[in-house]
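See below for work.csv, which holds CSV, C-alpha atoms.
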```csv
chain,number,residue,atom,x,y,z
A,30,MET,CA,-3.5,-2.0,-21.2
A,31,VAL,CA,-4.2,-0.8,-17.7
A,32,ILE,CA,-6.6,1.9,-16.4
A,33,VAL,CA,-5.9,3.8,-13.2
A,34,ILE,CA,-8.7,5.7,-11.5
A,35,ASP,CA,-7.4,8.4,-9.2
A,36,PRO,CA,-10.0,9.7,-6.7
A,37,GLN,CA,-7.4,10.4,-4.0
A,38,ILE,CA,-8.1,14.1,-3.7
A,39,ALA,CA,-11.6,14.9,-5.1
A,40,GLY,CA,-13.4,11.6,-4.6
A,41,VAL,CA,-15.8,10.3,-7.2
A,42,SER,CA,-19.4,11.0,-8.4
A,43,GLY,CA,-21.3,9.6,-11.3
A,44,ASP,CA,-21.0,12.7,-13.4
A,45,MET,CA,-17.2,13.0,-12.6
A,46,LEU,CA,-16.7,9.5,-13.8
A,47,LEU,CA,-18.7,10.1,-17.0
A,48,SER,CA,-17.0,13.4,-17.7
A,49,SER,CA,-13.5,11.9,-17.2
A,50,LEU,CA,-14.3,9.1,-19.7
A,51,VAL,CA,-15.5,11.7,-22.3
A,52,ASP,CA,-12.3,13.6,-21.7
A,53,LEU,CA,-10.4,10.4,-22.2
A,54,GLY,CA,-12.0,10.1,-25.7
A,55,ALA,CA,-15.4,8.5,-25.4
A,56,ASP,CA,-17.8,9.6,-28.1
A,57,LYS,CA,-19.9,12.2,-26.4
A,58,ASN,CA,-22.5,12.4,-29.2
A,59,LYS,CA,-23.2,8.7,-28.9
A,60,ILE,CA,-23.6,9.2,-25.1
A,61,LEU,CA,-25.8,12.2,-25.4
A,62,ASP,CA,-28.1,10.7,-28.0
A,63,ALA,CA,-28.7,7.6,-25.9
A,64,ILE,CA,-29.4,9.6,-22.8
A,65,LYS,CA,-31.9,11.9,-24.5
A,66,LYS,CA,-33.8,8.8,-25.8
A,67,SER,CA,-33.8,7.2,-22.3
A,68,GLN,CA,-35.8,10.0,-20.6
A,69,LYS,CA,-39.0,8.4,-22.0
A,70,PHE,CA,-38.4,5.5,-19.6
A,71,LEU,CA,-38.8,7.7,-16.5
A,72,PRO,CA,-42.2,9.5,-16.5
A,73,ASN,CA,-42.3,13.1,-15.2
A,74,SER,CA,-38.6,13.6,-15.8
A,75,ASN,CA,-37.5,15.8,-18.7
A,76,ILE,CA,-33.9,16.7,-19.7
A,77,LYS,CA,-34.0,20.4,-20.7
A,78,GLU,CA,-30.3,20.6,-21.6
A,79,ILE,CA,-27.4,18.2,-21.5
A,80,ASP,CA,-23.8,18.6,-22.8
A,81,PHE,CA,-20.2,18.3,-21.9
A,82,THR,CA,-18.1,21.4,-21.7
A,83,LYS,CA,-14.6,22.4,-20.8
A,84,VAL,CA,-14.0,24.1,-17.5
A,85,THR,CA,-11.0,25.0,-15.4
A,86,GLN,CA,-10.8,23.9,-11.8
A,87,ARG,CA,-8.0,25.4,-9.7
A,88,GLY,CA,-5.8,25.6,-12.8
A,89,VAL,CA,-6.7,22.2,-14.2
A,90,GLU,CA,-8.7,22.0,-17.5
A,91,ALA,CA,-11.3,19.3,-17.3
A,92,THR,CA,-14.5,18.1,-18.9
A,93,GLN,CA,-17.8,18.7,-17.0
A,94,LEU,CA,-21.3,17.4,-17.5
A,95,LYS,CA,-23.9,20.2,-17.8
A,96,LEU,CA,-27.3,18.8,-17.0
A,97,GLU,CA,-30.5,20.8,-16.6
A,98,ILE,CA,-33.6,18.8,-15.8
A,99,ASP,CA,-37.3,19.5,-15.2
A,100,GLU,CA,-38.8,17.1,-12.7
A,101,ASP,CA,-41.0,17.4,-9.7
A,102,ILE,CA,-40.0,14.1,-8.1
A,103,HIS,CA,-39.0,13.7,-4.5
A,104,GLU,CA,-38.9,9.9,-4.3
A,105,ARG,CA,-39.1,6.9,-6.6
A,106,LYS,CA,-39.0,3.2,-6.0
A,107,GLY,CA,-35.6,1.7,-6.6
A,108,THR,CA,-37.2,-0.9,-8.9
A,109,GLU,CA,-38.5,2.0,-11.1
A,110,ILE,CA,-35.0,3.4,-11.6
A,111,LYS,CA,-33.7,-0.2,-12.2
A,112,ASN,CA,-36.3,-0.9,-14.9
A,113,ALA,CA,-35.6,2.4,-16.6
A,114,ILE,CA,-31.9,1.7,-16.7
A,115,SER,CA,-32.5,-1.8,-18.0
A,116,ASP,CA,-34.8,-0.5,-20.8
A,117,SER,CA,-32.3,2.3,-21.6
A,118,VAL,CA,-29.4,-0.1,-21.9
A,119,LYS,CA,-31.4,-2.4,-24.2
A,120,SER,CA,-32.5,0.7,-26.3
A,121,ALA,CA,-28.8,1.8,-26.6
A,122,GLY,CA,-27.9,-1.7,-28.0
A,123,LEU,CA,-25.1,-2.4,-25.6
A,124,SER,CA,-23.4,-5.8,-25.2
A,125,PRO,CA,-24.4,-8.4,-22.6
A,126,LYS,CA,-21.4,-7.4,-20.6
A,127,GLY,CA,-22.5,-3.7,-20.7
A,128,GLU,CA,-26.0,-4.7,-19.7
A,129,SER,CA,-24.7,-6.8,-16.8
A,130,PHE,CA,-22.4,-3.9,-15.6
A,131,ALA,CA,-25.2,-1.3,-15.6
A,132,GLN,CA,-27.5,-3.7,-13.8
A,133,SER,CA,-24.9,-4.5,-11.2
A,134,CYS,CA,-24.4,-0.8,-10.5
A,135,ILE,CA,-28.1,-0.1,-9.8
A,136,ASP,CA,-28.4,-3.4,-7.8
A,137,THR,CA,-25.5,-2.3,-5.6
A,138,LEU,CA,-27.2,1.0,-4.9
A,139,ILE,CA,-30.6,-0.6,-4.1
A,140,LEU,CA,-29.0,-3.3,-1.9
A,141,SER,CA,-27.1,-0.7,0.1
A,142,GLU,CA,-30.4,1.1,0.9
A,143,SER,CA,-32.1,-2.2,1.7
A,144,LYS,CA,-29.3,-3.1,4.2
A,145,ILE,CA,-29.4,0.4,5.9
A,146,HIS,CA,-33.1,0.5,6.3
A,147,GLY,CA,-33.7,-3.2,7.0
A,148,ILE,CA,-36.3,-3.6,4.3
A,149,PRO,CA,-36.6,-5.9,1.2
A,150,ALA,CA,-34.8,-4.7,-1.9
A,151,ASP,CA,-38.1,-4.4,-3.8
A,152,SER,CA,-39.4,-2.0,-1.1
A,153,VAL,CA,-36.5,0.5,-1.4
A,154,HIS,CA,-37.4,4.1,-2.2
A,155,PHE,CA,-34.8,6.5,-3.4
A,156,HIS,CA,-34.8,10.2,-2.4
A,157,GLU,CA,-31.5,11.8,-3.5
A,158,ALA,CA,-31.0,9.1,-6.1
A,159,SER,CA,-34.6,9.3,-7.4
A,160,GLY,CA,-33.9,11.8,-10.2
A,161,ILE,CA,-33.1,11.1,-13.8
A,162,ASP,CA,-29.4,12.0,-13.1
A,163,THR,CA,-28.9,8.6,-11.6
A,164,LEU,CA,-30.0,7.0,-14.9
A,165,VAL,CA,-27.8,9.5,-16.8
A,166,ASP,CA,-24.7,8.6,-14.8
A,167,ILE,CA,-25.0,4.8,-15.0
A,168,LEU,CA,-26.2,4.7,-18.6
A,169,GLY,CA,-23.6,7.3,-19.7
A,170,VAL,CA,-20.7,5.6,-17.9
A,171,THR,CA,-21.6,2.2,-19.4
A,172,ILE,CA,-21.8,3.6,-22.9
A,173,ALA,CA,-18.5,5.4,-22.5
A,174,LEU,CA,-16.8,2.3,-21.1
A,175,GLU,CA,-17.9,0.2,-24.0
A,176,ASP,CA,-17.0,2.9,-26.5
A,177,LEU,CA,-13.4,3.0,-25.1
A,178,GLY,CA,-13.2,-0.8,-24.7
A,179,ILE,CA,-12.3,-0.3,-21.0
A,180,LEU,CA,-14.5,-3.2,-19.7
A,181,ASP,CA,-11.9,-5.6,-21.2
A,182,GLU,CA,-8.9,-3.9,-19.6
A,183,ARG,CA,-7.4,-4.2,-16.1
A,184,ILE,CA,-8.8,-1.4,-13.9
A,185,LEU,CA,-7.0,-0.2,-10.8
A,186,CYS,CA,-8.2,2.2,-8.2
A,187,LEU,CA,-6.3,4.4,-5.8
A,188,PRO,CA,-7.7,5.3,-2.3
A,189,VAL,CA,-11.0,7.1,-2.5
A,190,ALA,CA,-11.4,10.5,-0.8
A,191,VAL,CA,-14.8,10.8,0.9
A,192,GLY,CA,-14.4,14.2,2.5
A,193,GLY,CA,-15.5,15.1,6.0
A,194,GLY,CA,-17.9,17.2,8.1
A,195,LEU,CA,-21.6,16.7,8.0
A,196,VAL,CA,-24.1,15.9,5.3
A,197,THR,CA,-27.8,16.7,5.3
A,198,PHE,CA,-30.3,14.8,3.2
A,199,SER,CA,-33.8,13.4,3.3
A,200,HIS,CA,-33.3,11.5,6.5
A,201,GLY,CA,-31.7,14.4,8.3
A,202,THR,CA,-28.1,15.3,9.2
A,203,MET,CA,-25.3,12.7,9.7
A,204,SER,CA,-21.6,12.6,9.6
A,205,ASN,CA,-19.9,12.2,6.3
A,206,PRO,CA,-19.5,9.8,4.6
A,207,ALA,CA,-23.2,8.9,4.5
A,208,SER,CA,-24.3,5.4,5.4
A,209,ALA,CA,-25.1,4.5,1.8
A,210,VAL,CA,-21.5,5.2,0.8
A,211,LEU,CA,-20.1,3.2,3.7
A,212,GLU,CA,-22.3,0.3,3.0
A,213,ILE,CA,-21.4,0.2,-0.7
A,214,PHE,CA,-17.7,0.2,0.1
A,215,ARG,CA,-18.1,-2.2,3.1
A,216,ASN,CA,-17.8,-5.4,1.0
A,217,SER,CA,-15.3,-4.0,-1.4
A,218,SER,CA,-11.5,-4.0,-1.1
A,219,LEU,CA,-11.3,-0.3,-2.0
A,220,GLN,CA,-9.8,1.9,0.6
A,221,ILE,CA,-11.4,5.2,1.6
A,222,GLN,CA,-9.8,8.3,3.3
A,223,GLY,CA,-11.3,11.4,4.8
A,224,ASN,CA,-10.0,15.0,4.6
A,225,SER,CA,-10.7,18.5,5.9
A,226,SER,CA,-12.9,19.6,3.0
A,227,GLU,CA,-16.1,19.6,5.2
A,228,SER,CA,-18.0,18.3,2.2
A,229,GLU,CA,-19.3,15.1,0.6
A,230,LEU,CA,-16.7,14.2,-2.0
A,231,THR,CA,-18.0,10.7,-2.9
A,232,THR,CA,-21.6,10.1,-3.8
A,233,PRO,CA,-23.6,6.9,-3.5
A,234,THR,CA,-24.0,6.7,-7.3
A,235,GLY,CA,-20.2,7.3,-7.9
A,236,ALA,CA,-19.4,4.7,-5.3
A,237,CYS,CA,-21.8,2.0,-6.7
A,238,ILE,CA,-20.3,2.5,-10.2
A,239,LEU,CA,-16.7,2.4,-8.9
A,240,VAL,CA,-17.1,-0.8,-6.9
A,241,ASN,CA,-18.5,-2.6,-9.9
A,242,LEU,CA,-15.8,-1.3,-12.2
A,243,PHE,CA,-12.4,-1.8,-10.6
A,244,ASP,CA,-10.4,-5.0,-10.6
A,245,ALA,CA,-7.8,-4.2,-7.8
A,246,SER,CA,-7.2,-1.6,-5.1
A,247,VAL,CA,-3.7,-0.1,-5.1
A,248,ASP,CA,-1.8,2.4,-3.0
A,249,TYR,CA,0.2,3.9,-5.8
A,250,TYR,CA,0.4,4.1,-9.6
A,251,PRO,CA,1.8,0.9,-11.2
A,252,LYS,CA,4.8,0.9,-13.6
A,253,MET,CA,3.2,2.0,-16.9
A,254,LYS,CA,3.6,4.0,-20.0
A,255,ILE,CA,1.0,6.7,-20.0
A,256,GLU,CA,-1.0,7.0,-23.3
A,257,SER,CA,-4.0,9.2,-22.4
A,258,ILE,CA,-5.5,11.0,-19.4
A,259,GLY,CA,-9.1,12.0,-18.7
A,260,TYR,CA,-10.0,14.8,-16.3
A,261,GLY,CA,-13.6,15.0,-15.1
A,262,ALA,CA,-14.8,18.0,-13.1
A,263,GLY,CA,-17.4,17.9,-10.3
A,264,GLN,CA,-20.0,20.6,-9.7
A,265,LYS,CA,-18.5,22.0,-6.5
A,266,ASN,CA,-15.5,24.4,-6.2
A,267,PHE,CA,-13.0,24.2,-3.4
A,268,GLU,CA,-10.3,26.7,-2.4
A,269,THR,CA,-7.5,24.2,-1.6
A,270,PHE,CA,-7.8,21.6,-4.4
A,271,SER,CA,-9.1,20.9,-7.9
A,272,ASN,CA,-12.4,19.0,-7.7
A,273,VAL,CA,-11.3,16.8,-10.6
A,274,LEU,CA,-11.3,13.0,-11.0
A,275,LYS,CA,-8.4,11.6,-13.0
A,276,ILE,CA,-8.5,8.5,-15.2
A,277,VAL,CA,-5.2,7.4,-16.7
A,278,ARG,CA,-4.8,4.9,-19.5
A,279,GLY,CA,-1.5,3.2,-20.2
A,280,ALA,CA,0.5,0.2,-21.3
A,281,GLN,CA,2.3,-2.3,-19.2
A,282,ASN,CA,5.1,-4.5,-20.2
A,283,GLY,CA,5.0,-8.0,-18.8
A,284,LEU,CA,3.4,-8.8,-15.4
A,285,ASP,CA,1.9,-6.5,-12.8
A,286,THR,CA,3.8,-6.1,-9.6
A,287,ASP,CA,2.9,-5.2,-6.0
A,288,SER,CA,4.0,-6.0,-2.5
A,289,VAL,CA,2.3,-7.9,0.3
A,290,LYS,CA,2.8,-8.6,4.0
A,291,ILE,CA,3.4,-12.1,5.2
A,292,LEU,CA,2.4,-13.1,8.8
A,293,GLU,CA,3.7,-16.4,10.2
A,294,THR,CA,3.5,-18.2,13.5
A,295,ASN,CA,4.1,-21.7,14.8
A,296,VAL,CA,1.4,-23.3,16.9
A,297,ASP,CA,1.7,-26.8,18.5
A,298,ASP,CA,-1.2,-26.9,20.9
A,299,VAL,CA,-4.2,-26.0,18.7
A,300,SER,CA,-6.7,-28.5,17.3
A,301,GLY,CA,-7.6,-28.9,13.7
A,302,GLU,CA,-11.1,-27.6,14.3
A,303,ILE,CA,-9.7,-24.3,15.6
A,304,LEU,CA,-7.3,-24.0,12.7
A,305,GLY,CA,-10.1,-24.6,10.2
A,306,ASN,CA,-12.2,-21.9,11.8
A,307,LEU,CA,-9.1,-19.6,11.9
A,308,ILE,CA,-8.8,-19.9,8.1
A,309,GLU,CA,-12.4,-18.8,7.6
A,310,LYS,CA,-12.1,-15.9,10.0
A,311,LEU,CA,-8.9,-14.6,8.5
A,312,MET,CA,-10.3,-14.7,4.9
A,313,SER,CA,-13.5,-12.9,6.1
A,314,LYS,CA,-11.3,-10.2,7.5
A,315,GLY,CA,-9.5,-9.5,4.2
A,316,ALA,CA,-6.6,-11.9,4.1
A,317,LYS,CA,-5.5,-12.6,0.5
A,318,ASP,CA,-4.6,-16.2,1.3
A,319,VAL,CA,-4.1,-18.4,4.3
A,320,SER,CA,-2.0,-21.6,4.4
A,321,ILE,CA,-1.2,-24.1,7.2
A,322,TYR,CA,1.8,-26.4,6.9
A,323,ASN,CA,2.8,-29.4,9.1
A,324,GLY,CA,6.3,-29.4,10.5
A,325,ILE,CA,8.7,-30.4,13.3
A,326,THR,CA,10.2,-27.9,15.7
A,327,LYS,CA,12.5,-28.0,18.8
A,328,LYS,CA,12.6,-31.2,20.8
A,329,GLY,CA,10.9,-33.1,17.9
A,330,ARG,CA,7.5,-31.5,18.5
A,331,PRO,CA,4.9,-31.6,15.7
A,332,THR,CA,3.8,-28.1,14.8
A,333,ASN,CA,1.5,-26.2,12.4
A,334,LEU,CA,2.9,-23.2,10.6
A,335,VAL,CA,0.2,-20.6,10.0
A,336,ASN,CA,1.1,-18.4,6.9
A,337,VAL,CA,-1.1,-15.4,6.0
A,338,ILE,CA,-0.7,-13.1,3.0
A,339,CYS,CA,-2.4,-9.7,3.3
A,340,ASP,CA,-2.2,-6.0,2.5
A,341,GLU,CA,-0.5,-3.7,4.9
A,342,GLN,CA,-3.7,-2.1,6.1
A,343,ARG,CA,-5.0,-5.5,7.2
A,344,VAL,CA,-2.0,-6.5,9.3
A,345,GLU,CA,-3.2,-5.2,12.7
A,346,SER,CA,-6.7,-6.8,12.5
A,347,LEU,CA,-5.4,-10.1,11.2
A,348,ILE,CA,-2.7,-10.2,14.0
A,349,ASP,CA,-5.4,-9.6,16.6
A,350,THR,CA,-7.5,-12.5,15.1
A,351,ILE,CA,-4.5,-14.9,15.1
A,352,ILE,CA,-3.6,-14.2,18.7
A,353,HIS,CA,-7.2,-14.3,19.9
A,354,GLU,CA,-8.0,-17.6,18.1
A,355,THR,CA,-4.7,-19.5,18.7
A,356,GLY,CA,-3.2,-18.0,21.8
A,357,THR,CA,0.2,-17.7,20.1
A,358,LEU,CA,2.8,-15.5,21.8
A,359,GLY,CA,4.5,-14.1,18.7
A,360,ILE,CA,4.0,-13.4,15.0
A,361,ARG,CA,6.7,-12.8,12.4
A,362,ILE,CA,6.0,-10.1,9.8
A,363,SER,CA,7.8,-9.8,6.5
A,364,GLU,CA,7.3,-8.1,3.2
A,365,SER,CA,7.4,-9.7,-0.2
A,366,GLY,CA,7.2,-8.5,-3.7
A,367,ARG,CA,5.1,-10.5,-6.2
A,368,PHE,CA,4.4,-10.7,-9.9
A,369,ILE,CA,0.7,-10.8,-10.9
A,370,VAL,CA,-0.8,-12.2,-14.1
A,371,PRO,CA,-3.2,-9.5,-15.3
A,372,ARG,CA,-6.8,-10.5,-14.7
A,373,SER,CA,-10.2,-9.0,-14.6
A,374,VAL,CA,-13.5,-9.9,-13.0
A,375,HIS,CA,-16.6,-10.6,-15.1
A,376,SER,CA,-20.1,-12.0,-14.7
A,377,ALA,CA,-22.5,-13.7,-17.1
A,378,ILE,CA,-26.1,-14.8,-17.1
A,379,VAL,CA,-26.2,-18.5,-18.1
A,380,GLY,CA,-28.9,-21.1,-18.5
A,381,ILE,CA,-28.2,-24.7,-17.3
A,382,SER,CA,-30.5,-27.6,-16.8
A,383,GLY,CA,-33.6,-25.4,-17.3
A,384,GLN,CA,-32.4,-22.9,-14.7
A,385,THR,CA,-30.8,-19.4,-15.0
A,386,PHE,CA,-27.8,-18.4,-13.0
A,387,LYS,CA,-25.5,-15.3,-12.6
A,388,VAL,CA,-21.9,-16.6,-12.4
A,389,LYS,CA,-18.7,-14.6,-11.8
A,390,TYR,CA,-15.4,-15.5,-13.4
A,391,LYS,CA,-11.9,-14.1,-13.7
A,392,LYS,CA,-10.2,-13.7,-17.1
A,393,SER,CA,-6.4,-13.7,-17.3
A,394,SER,CA,-4.0,-12.9,-20.1
A,395,PHE,CA,-0.3,-13.7,-20.3
A,396,LYS,CA,1.9,-13.6,-23.4
A,397,GLY,CA,-1.0,-14.0,-25.8
A,398,ARG,CA,-2.6,-16.9,-23.8
A,399,HIS,CA,-6.1,-16.2,-22.5
A,400,ASP,CA,-8.1,-18.2,-19.9
A,401,PHE,CA,-10.8,-17.8,-17.4
A,402,LYS,CA,-11.6,-19.3,-14.0
A,403,ILE,CA,-15.1,-19.6,-12.5
A,404,GLU,CA,-15.7,-18.3,-9.0
A,405,PHE,CA,-15.7,-21.5,-6.9
A,406,ASP,CA,-18.5,-20.3,-4.6
A,407,ASP,CA,-20.7,-19.8,-7.6
A,408,LEU,CA,-19.6,-23.1,-9.1
A,409,LYS,CA,-20.4,-25.0,-5.9
A,410,ASN,CA,-23.8,-23.3,-5.5
A,411,ILE,CA,-24.8,-24.1,-9.1
A,412,SER,CA,-23.5,-27.7,-8.7
A,413,ASN,CA,-25.8,-28.2,-5.8
A,414,ARG,CA,-28.7,-26.6,-7.5
A,415,ILE,CA,-28.5,-28.8,-10.6
A,416,SER,CA,-27.5,-31.9,-8.7
A,417,LYS,CA,-24.3,-32.5,-10.7
A,418,SER,CA,-20.7,-32.9,-9.7
A,419,ILE,CA,-18.3,-29.9,-9.6
A,420,LYS,CA,-16.5,-31.2,-12.6
A,421,GLU,CA,-19.6,-31.7,-14.7
A,422,SER,CA,-21.0,-28.3,-13.6
A,423,GLU,CA,-17.7,-26.6,-14.5
A,424,LEU,CA,-17.7,-28.1,-18.0
A,425,LEU,CA,-21.3,-27.0,-18.6
A,426,LEU,CA,-20.6,-23.5,-17.3
A,427,ARG,CA,-17.5,-23.0,-19.3
A,428,LYS,CA,-19.4,-23.8,-22.5
A,429,GLU,CA,-22.0,-21.2,-21.7
A,430,ILE,CA,-19.5,-18.6,-20.7
A,431,GLU,CA,-17.6,-19.2,-23.9
A,432,LYS,CA,-20.8,-18.5,-25.8
A,433,VAL,CA,-21.2,-15.2,-23.9
A,434,GLU,CA,-17.6,-14.2,-24.6
A,435,ASP,CA,-18.0,-15.1,-28.3
A,436,ALA,CA,-21.1,-13.0,-28.5
A,437,ASP,CA,-19.4,-10.0,-26.8
A,438,GLU,CA,-16.5,-10.4,-29.3
A,439,SER,CA,-18.7,-10.5,-32.3
A,440,SER,CA,-20.7,-7.4,-31.2
A,441,ARG,CA,-17.6,-5.2,-31.1
```
For this file, produce the structure as structure tokens.
Amino acid sequence: MVIVIDPQIAGVSGDMLLSSLVDLGADKNKILDAIKKSQKFLPNSNIKEIDFTKVTQRGVEATQLKLEIDEDIHERKGTEIKNAISDSVKSAGLSPKGESFAQSCIDTLILSESKIHGIPADSVHFHEASGIDTLVDILGVTIALEDLGILDERILCLPVAVGGGLVTFSHGTMSNPASAVLEIFRNSSLQIQGNSSESELTTPTGACILVNLFDASVDYYPKMKIESIGYGAGQKNFETFSNVLKIVRGAQNGLDTDSVKILETNVDDVSGEILGNLIEKLMSKGAKDVSIYNGITKKGRPTNLVNVICDEQRVESLIDTIIHETGTLGIRISESGRFIVPRSVHSAIVGISGQTFKVKYKKSSFKGRHDFKIEFDDLKNISNRISKSIKESELLLRKEIEKVEDADESSR
């Protein structure tokens, strides 16, 4: 199965994501019951009314979250919201995977504020995100994802509309998108795009959930057989478009496909140190992969062929880097289709050698065969921390991750 999140027109907010998942078929009573119980974890916040209703947005029928709260809170420490979400997730009896997802969402939101204001994460105070609606969105989305089994499926996301104009909030007026939204997307491969709506279309809460949810950013819908569609309406009304987020669930036969750009150049007067540095710089700027091959060119000269695989939107910046770093006078550009084995990104909390680590890994599935691969940077870091070889560390980690996977499977 594959999930496509379509925020191209209306952007994304936490309540739109939650509403679209309910429209897709998530058990709304399970979600509402857990949310009502969670309010005890945030003092001075009371949910007066909460429900999901059907509305029509510019001719599109969609599900919308109706939330009425009673709270006189203008700011809260980020850690207070984080603890409330942690307690709420445990109270709801979600799986370790669900707990990890919810924690990652609030951590992303806190770290974005920490980066913007230049303060430690445990000193962050929320203003706009201080209300119980932040807890409602993250907890509700997590429960809905587990109820639908979506956390185990491949999730693709189309370019995200962020709107335009100016936005006014606790720190004053600034251009839209706000700094928090930009910071959340900065280390993600998701693409954003503005429009003439003169309004904020993507909220920080929506952005932090989205970047922790998707597996791959795509420019268009993949080849798929549509099985169900969820429409989630936002709270604003616009004259020129429906303020509705779409989530599409479907089946794919065989492998995923996409297309990539290939950049190539031959250099015969560049040192190995420069080429090593070039690989690091190209990867940091968004290249999917970089390879360097030895060869022989005209007049028997030894050469190095630099080969870079990337998305179309990265071509210009990567070409600039190659020219600047190597001095090459020409770069060949070609396009290539590729088949992709379906995979998804996961994380687990594991204990090894008396220490606890959070480790990321990718799960793949092909013709009934399943496997996972540990993120090498995490593997290397843990190997150094426990003073064991990469091979020994990998064996230990795989055993612990398999235990987590088995626990998730038995909890379903």
- [ ] Tell me, as a PyMOL selection string, which residues lie within 7 Å of Ile255 of chain A, counting all atoms listed in the file; anything in the same chain fewer than 2 positions away does not count.
- [x] chain A and resi 253+257+278-280
Just C-alpha atoms for this one: save the residues we selected as a PDB file, in the coordinates of the input.
```pdb
ATOM      1  CA  MET A 253       3.200   2.000 -16.900  1.00  0.00           C
ATOM      2  CA  SER A 257      -4.000   9.200 -22.400  1.00  0.00           C
ATOM      3  CA  ARG A 278      -4.800   4.900 -19.500  1.00  0.00           C
ATOM      4  CA  GLY A 279      -1.500   3.200 -20.200  1.00  0.00           C
ATOM      5  CA  ALA A 280       0.500   0.200 -21.300  1.00  0.00           C
TER       6      ALA A 280
END
```
- [ ] Tell me which of A:Val33, A:Leu96, A:Val319, A:Ala113 sits closest to Ile184 of chain A, counting only C-alpha atoms.
- [x] A:Val33
Open item on the list: Please compute the atom CA of Asp162 of chain A-atom CA of Gly127 of chain A distance, one decimal, in Å.
Closed with: 18.8 Å
With all atoms listed in the file counted and 12 Å as the cut-off, give the residues of segment 260-373 of chain A in contact with segment 399-409 of chain A, each with its shortest interatomic distance in Å and the pair that gives it, as a tab-separated table.
```
residue	atom	partner	partner_atom	distance
A:Val370	CA	A:His399	CA	10.7
A:Pro371	CA	A:His399	CA	10.3
A:Arg372	CA	A:Phe401	CA	8.8
A:Ser373	CA	A:Phe401	CA	9.3
```
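Comparing the minimum interatomic distances between Gln222 of chain A and each of A:Gly305, A:Gly169, A:Pro36, A:Gly356, counting only C-alpha atoms, we find that A:Pro36 sits nearest.
Nearest to Leu307 of chain A of all the residues A:Leu239, A:Val337, A:Leu219, A:Val289 is A:Val337, based on all atoms listed in the file.
Atom pair atom CA of Ala173 of chain A / atom CA of Ser117 of chain A: separated by 14.2 Å.
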Task: Minimum-distance residue to Val273 of chain A, chosen among A:Gly160, A:Gly193, A:Gly259, A:Pro188 (using all atoms listed in the file) - done: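 Going through A:Gly160, A:Gly193, A:Gly259, A:Pro188 one by one, the smallest distance to Val273 of chain A is for A:Gly259.
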Task: Using only C-alpha atoms: which of A:Ser313, A:Asn205, A:Ile145, A:Leu61 has the shortest distance to Ser217 of chain A - done: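 Of A:Ser313, A:Asn205, A:Ile145, A:Leu61, the one nearest Ser217 of chain A, counting only C-alpha atoms, is A:Ser313.
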TODO: Find the residue from A:Leu53, A:Leu46, A:Leu304, A:Ile430 that sits nearest to Lys389 of chain A; use all atoms listed in the file when measuring.
DONE: A:Ile430
Open item on the list: Could you tell me how far atom CA of Ile348 of chain A sits from atom CA of Asp297 of chain A, in Å to one decimal place?
Closed with: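 So the answer is 17.8 Å.
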Quick one: residues within 10 Å of (-42.2, 9.8, -13.4) (file frame), counting all atoms listed in the file, please, as an mmCIF file with C-alpha atoms, in the frame of the given file.
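For reference, result_34.cif as written:
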```cif
data_model
loop_
_atom_site.group_PDB
_atom_site.id
_atom_site.type_symbol
_atom_site.label_atom_id
_atom_site.label_comp_id
_atom_site.auth_asym_id
_atom_site.auth_seq_id
_atom_site.Cartn_x
_atom_site.Cartn_y
_atom_site.Cartn_z
ATOM 1 C CA GLN A 68 -35.800 10.000 -20.600
ATOM 2 C CA LYS A 69 -39.000 8.400 -22.000
ATOM 3 C CA PHE A 70 -38.400 5.500 -19.600
ATOM 4 C CA LEU A 71 -38.800 7.700 -16.500
ATOM 5 C CA PRO A 72 -42.200 9.500 -16.500
ATOM 6 C CA ASN A 73 -42.300 13.100 -15.200
ATOM 7 C CA SER A 74 -38.600 13.600 -15.800
ATOM 8 C CA ASN A 75 -37.500 15.800 -18.700
ATOM 9 C CA GLU A 100 -38.800 17.100 -12.700
ATOM 10 C CA ASP A 101 -41.000 17.400 -9.700
ATOM 11 C CA ILE A 102 -40.000 14.100 -8.100
ATOM 12 C CA GLU A 104 -38.900 9.900 -4.300
ATOM 13 C CA ARG A 105 -39.100 6.900 -6.600
ATOM 14 C CA GLU A 109 -38.500 2.000 -11.100
ATOM 15 C CA ILE A 110 -35.000 3.400 -11.600
ATOM 16 C CA SER A 159 -34.600 9.300 -7.400
ATOM 17 C CA GLY A 160 -33.900 11.800 -10.200
ATOM 18 C CA ILE A 161 -33.100 11.100 -13.800
#
```
TODO: List every protein, DNA or RNA residue that has an atom no more than 12 Å from (10.8, -11.5, -3.9) in the file's coordinate frame, counting only C-alpha atoms, and report them as a list in words.
DONE: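 The answer, in the requested form, is Thr286, Asp287, Ser288, Val289, Lys290, Ile291, Ser363, Glu364, Ser365, Gly366, Arg367 and Phe368 of chain A.
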C-alpha atoms of the current selection, written as a CSV table (one decimal), keeping the file's coordinate frame:
```
chain,number,residue,atom,x,y,z
A,286,THR,CA,3.8,-6.1,-9.6
A,287,ASP,CA,2.9,-5.2,-6.0
A,288,SER,CA,4.0,-6.0,-2.5
A,289,VAL,CA,2.3,-7.9,0.3
A,290,LYS,CA,2.8,-8.6,4.0
A,291,ILE,CA,3.4,-12.1,5.2
A,363,SER,CA,7.8,-9.8,6.5
A,364,GLU,CA,7.3,-8.1,3.2
A,365,SER,CA,7.4,-9.7,-0.2
A,366,GLY,CA,7.2,-8.5,-3.7
A,367,ARG,CA,5.1,-10.5,-6.2
A,368,PHE,CA,4.4,-10.7,-9.9
```
